[in-house]
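Data first, discussion second: the structure below is written as structure tokens.
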Amino acid sequence: MGKTTGFMEYARAENPYREAKERLKDFSDLHTALSEPLRHCQASRCMNCGVPFCQSDFGCPLHNLIPEWNDLLYQGQEKAALERLLQTAPFPEFTGRVCPALCEKACNLADDGVTNRDNELYLIETGFEKGWIQPRIPAFRAGKRTAVVGSGPAGLAAADLLNRMGHAVTVIEKADRPGGLLMYGIPNMKLPKGIVTRRIRLMEAEGVSFLLNTEADPEMLNAYDAVVLCGGAKKPRGLQVEHADAQGVHFAVEYLTEATKSVLSGMAPAVSAQGKHVVVVGGGDTGNDCVGTALRQHCASVTQLEMMPAAPEKRAPGNPWPEWPRTLRTDYGQMEAMAVQGGDPRIYETTVQAIRVNDKNEIVSLTAVRLTKNQEGRLVPIPDTEKTLPCELLLIAAGFVGCEDATLSRLALQSDARGRLLPPDGSHHLGGKLFSAGDMRTGQSLVVRALADGRAAAMEAHRFLGQKNGF
Ligand SMILES: Cc1cc2nc3c(=O)[nH]c(=O)nc-3n(C[C@H](O)[C@H](O)[C@H](O)COP(=O)(O)OP(=O)(O)OC[C@H]3O[C@@H](n4cnc5c(N)ncnc54)[C@H](O)[C@@H]3O)c2cc1C
Ligand code: SF4
């Protein structure tokens, strides 16, 4: 299997980014694609490993059959490769764009791993282009009614599998558009929203119903034989600083949602960075999306504050291959800030100490302070390191602490101490006809993990419905 010398003949080549200053002019896809022959070369780099860690628990949570479809792709058998990919991957057009590619870091080629994510994207987009992706309407209907609450990746994956197994599926979504964080969270340049809508249309053609602008409640859910709750974990961690509720202070997902709504409607965004000095609290991926979005909205400047020290350039001894490397990553937004502002927007070991507002309660500046660990290991401010930063838009991307309170109280459910609906036995079954999946069950995670979790919950719900039927 595979071209055993491919990895020696060809260097790893990812789908190239569009040039930073060019891509900042729009919210379109960050990347361009490699040509077909170059894609075949990349697939040929997948060798005949004895143990393919890429598809193990260290790698892909969906356990995608990576060496098999890479080999078929290398041989130019795109259709067969896509069929093999679709055996385990429900929506490769999402993971092919936004997955951090856990598999590539677990690859036997280590830092030079095979470009599985780009290969996967090429296969699914080729499938759509050539008309190989058609609605797969179940031949048999089992006569059971199921509901999925939430249409993020977990909900879509659960709905897709329940439908394929012959159950009638209604997805109940409180937002005006389906997709969860795929629609309102991850920015358009990482995942163009037409890609999300294309999948929803396909699922509708396959028989899945979507009820939008609808908040699920226990009475409504009574009508179904099984219910999978996939409401996400978007309760944000706030800032414990006076004036944190001032005008111009927003949580990241709220800001990113408005930015996407503006891209889709062509109207000015309800919250805009235009002409403003922007400070983002949180040096992670969500913070990076805020940086990229603020730059596209023509902010005056953008700075990202991170409480923790910068990660090391190379793996620490306690973080060996094939584990995910906890090393310094510079993402697209930070690269763009470097191109425009001439330096890394991230300031490490620093937080917001005070917010200043004008007489209209609008934020005008903030005091940032450097942090260090005290003897108990707690982060504390270092005296005399305060610095004033101009700031008319403060975006809080400091992480998430679990399911939203409104969702829990409406569904009359209680989370565990970490804000999750995680059954004590580690399963997906909350009791009765209720199941949970995705971020709502595990806490904030990744699209690929939400997909795997949604599928696992659908399987448990399917077994439950079978037992009820006596088969
Ligand atoms: C800004 C941002 C960027 C991210 N980027 C990436 C990335 O690049 N790659 C990656 O792998 N992961 C990324 N993630 C994480 C990833 O998006 C999540 O882990 C994933 O979306 C979780 O899926 P989910 O289906 O569990 O929940 P969600 O996507 O949060 O969807 C939950 C849905 O449930 C709906 N809902 C909630 N309560 C109710 C109710 N009572 N009734 C009806 N509907 C309800 C919500 O409106 C929402 O649509 C990002 C997260 C954020 C915040
Ligand atoms: S879903 Fe992610 S981890 Fe799995 S094969 Fe694709 S890129 Fe790799």
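Identifiers in this document derive from the order of the structure tokens: chains are assigned A, B, ..., residues are numbered from 1 separately in each chain, and ligands are numbered from 1 in order of occurrence.
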* 7 Å shell around ligand 1 using only C-alpha atoms and all ligand atoms, listed as JSON, numbers by chain -> {"A": [98, 99, 100, 149, 150, 151, 152, 153, 154, 155, 172, 173, 174, 175, 178, 179, 180, 181, 182, 185, 186, 214, 215, 216, 217, 230, 231, 232, 233, 234, 252, 253, 256, 285, 286, 289, 407, 410, 411, 437, 438, 439, 440, 444, 445, 446, 447, 448, 450]}
Would you tabulate, counting only C-alpha atoms and all ligand atoms, all residues of chain A that have an atom at most 6 Å from an atom of ligand 2, showing the closest pair of atoms and their distance in Å to one decimal, sorted by chain then ascending number, as JSON lines?
```
{"residue": "A:Gly59", "atom": "CA", "partner": "ligand 2", "partner_atom_place_in_ligand_line": "3 (S)", "distance": 5.7}
{"residue": "A:Cys60", "atom": "CA", "partner": "ligand 2", "partner_atom_place_in_ligand_line": "3 (S)", "distance": 3.6}
{"residue": "A:Leu62", "atom": "CA", "partner": "ligand 2", "partner_atom_place_in_ligand_line": "4 (Fe)", "distance": 5.9}
{"residue": "A:Asn64", "atom": "CA", "partner": "ligand 2", "partner_atom_place_in_ligand_line": "5 (S)", "distance": 5.4}
{"residue": "A:Thr95", "atom": "CA", "partner": "ligand 2", "partner_atom_place_in_ligand_line": "1 (S)", "distance": 5.0}
{"residue": "A:Gly96", "atom": "CA", "partner": "ligand 2", "partner_atom_place_in_ligand_line": "7 (S)", "distance": 5.9}
{"residue": "A:Cys99", "atom": "CA", "partner": "ligand 2", "partner_atom_place_in_ligand_line": "2 (Fe)", "distance": 4.7}
{"residue": "A:Ala101", "atom": "CA", "partner": "ligand 2", "partner_atom_place_in_ligand_line": "7 (S)", "distance": 3.8}
{"residue": "A:Leu102", "atom": "CA", "partner": "ligand 2", "partner_atom_place_in_ligand_line": "3 (S)", "distance": 4.4}
{"residue": "A:Cys103", "atom": "CA", "partner": "ligand 2", "partner_atom_place_in_ligand_line": "8 (Fe)", "distance": 4.3}
{"residue": "A:Asn116", "atom": "CA", "partner": "ligand 2", "partner_atom_place_in_ligand_line": "7 (S)", "distance": 5.7}
{"residue": "A:Arg117", "atom": "CA", "partner": "ligand 2", "partner_atom_place_in_ligand_line": "7 (S)", "distance": 3.8}
{"residue": "A:Val448", "atom": "CA", "partner": "ligand 2", "partner_atom_place_in_ligand_line": "1 (S)", "distance": 5.5}
```
* In terms of the shortest atom-to-atom distance over only C-alpha atoms, which of A:Thr372, A:Thr293, A:Thr350, A:Asn213 is closest to A:Ala337? ->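 Nearest to A:Ala337: A:Thr293.
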* Asked: Within 12 Å of A:Glu93, counting only C-alpha atoms, which residues qualify if same-chain residues fewer than 6 places away don't, as JSON, numbers by chain?
  -> {"A": [82, 85, 86, 99, 117, 118, 119, 120, 121, 122, 123, 124, 125, 126, 127, 128, 133, 153, 182, 190, 191, 192, 193, 194, 195, 196, 197, 198, 199, 447, 448]}
* Taking the DSSP assignment computed from this structure's backbone, write out as a list in words all residues of stretch 280-419 of chain A that belong to alpha helix (DSSP H). =>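 Filtering stretch 280-419 of chain A to alpha helix (DSSP H) leaves Asp285, Thr286, Gly287, Asn288, Asp289, Cys290, Val291, Gly292, Thr293, Ala294, Leu295, Arg296, Tyr332, Gly333, Gln334, Met335, Glu336, Ala337, Met338, Ala339, Val340, Gln341, Asp405, Ala406, Thr407, Leu408, Ser409 and Arg410 of chain A.
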* Which residue of A:Ala273, A:Met335, A:Met183, A:Ala457 approaches A:Leu422 most closely, using only C-alpha atoms ->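 Distance minimum relative to A:Leu422 lands on A:Ala457.
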* Please measure the separation of atom CA of A:Asn163 and atom CA of A:Pro135, giving the value in Å to one decimal. =>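 Computing the Euclidean distance for atom CA of A:Asn163 and atom CA of A:Pro135 yields 11.8 Å.
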* Where in stretch 14-229 of chain A does DSSP assign strand (DSSP E), given as a ChimeraX atom specification? -> /A:145-149,168-172,209-211,226-229
* To do: List the neighbours of A:Gly333 out to 6 Å using only C-alpha atoms; skip same-chain residues closer than 3 positions along the sequence, and give me the result as a PyMOL selection string.
  => chain A and resi 288+291-292+336
* Asked: Which residue, A:Glu376, A:Asp160, A:Glu219, A:Glu306, has the smallest gap to A:Gly454 when you use only C-alpha atoms?
  ->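 Ranking A:Glu376, A:Asp160, A:Glu219, A:Glu306 by distance to A:Gly454, first place goes to A:Asp160.
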* Of the candidates A:Val208, A:Val280, A:Leu65, A:Ala311, which one gets nearest to A:Glu392 if we count only C-alpha atoms? -> A:Val280
* Asked: Hey, what's within 9 Å of A:Val352 if we count only C-alpha atoms and toss same-chain stuff fewer than 3 positions away? As a list in words, please?
  -> Leu239, Val241, Val281, Leu305, Ile355, Leu366, Thr367, Ala368 and Val369 of chain A
Write the residues of the selection above to a file with N, CA and C atoms, as a tab-separated table (two decimals), in the first residue's frame.
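Output file part10.tsv is given in full below:
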```tsv
chain	number	residue	atom	x	y	z
A	239	LEU	N	-14.63	38.53	32.52
A	239	LEU	CA	-13.51	39.26	33.12
A	239	LEU	C	-13.95	39.80	34.47
A	241	VAL	N	-13.40	42.40	36.29
A	241	VAL	CA	-12.84	43.76	36.36
A	241	VAL	C	-14.01	44.73	36.31
A	281	VAL	N	-8.75	39.61	24.68
A	281	VAL	CA	-8.25	38.90	25.86
A	281	VAL	C	-8.34	37.41	25.59
A	305	LEU	N	-3.95	39.72	24.37
A	305	LEU	CA	-3.33	39.50	25.68
A	305	LEU	C	-3.52	38.05	26.11
A	355	ILE	N	-10.45	48.81	33.44
A	355	ILE	CA	-11.07	49.33	32.21
A	355	ILE	C	-11.49	50.76	32.50
A	366	LEU	N	-7.58	50.72	28.56
A	366	LEU	CA	-7.49	49.75	29.67
A	366	LEU	C	-6.05	49.73	30.20
A	367	THR	N	-5.94	49.20	31.40
A	367	THR	CA	-4.62	49.00	31.99
A	367	THR	C	-4.30	47.52	31.91
A	368	ALA	N	-3.18	47.23	31.27
A	368	ALA	CA	-2.72	45.83	31.22
A	368	ALA	C	-1.59	45.69	32.23
A	369	VAL	N	-1.47	44.51	32.81
A	369	VAL	CA	-0.42	44.30	33.81
A	369	VAL	C	0.23	42.93	33.59
```
* Determine the nearest neighbour of A:Pro61 from the options A:Ala89, A:Leu34, A:Leu264, A:Val169, counting only C-alpha atoms. =>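 Under the stated criterion, the closest residue is A:Ala89.
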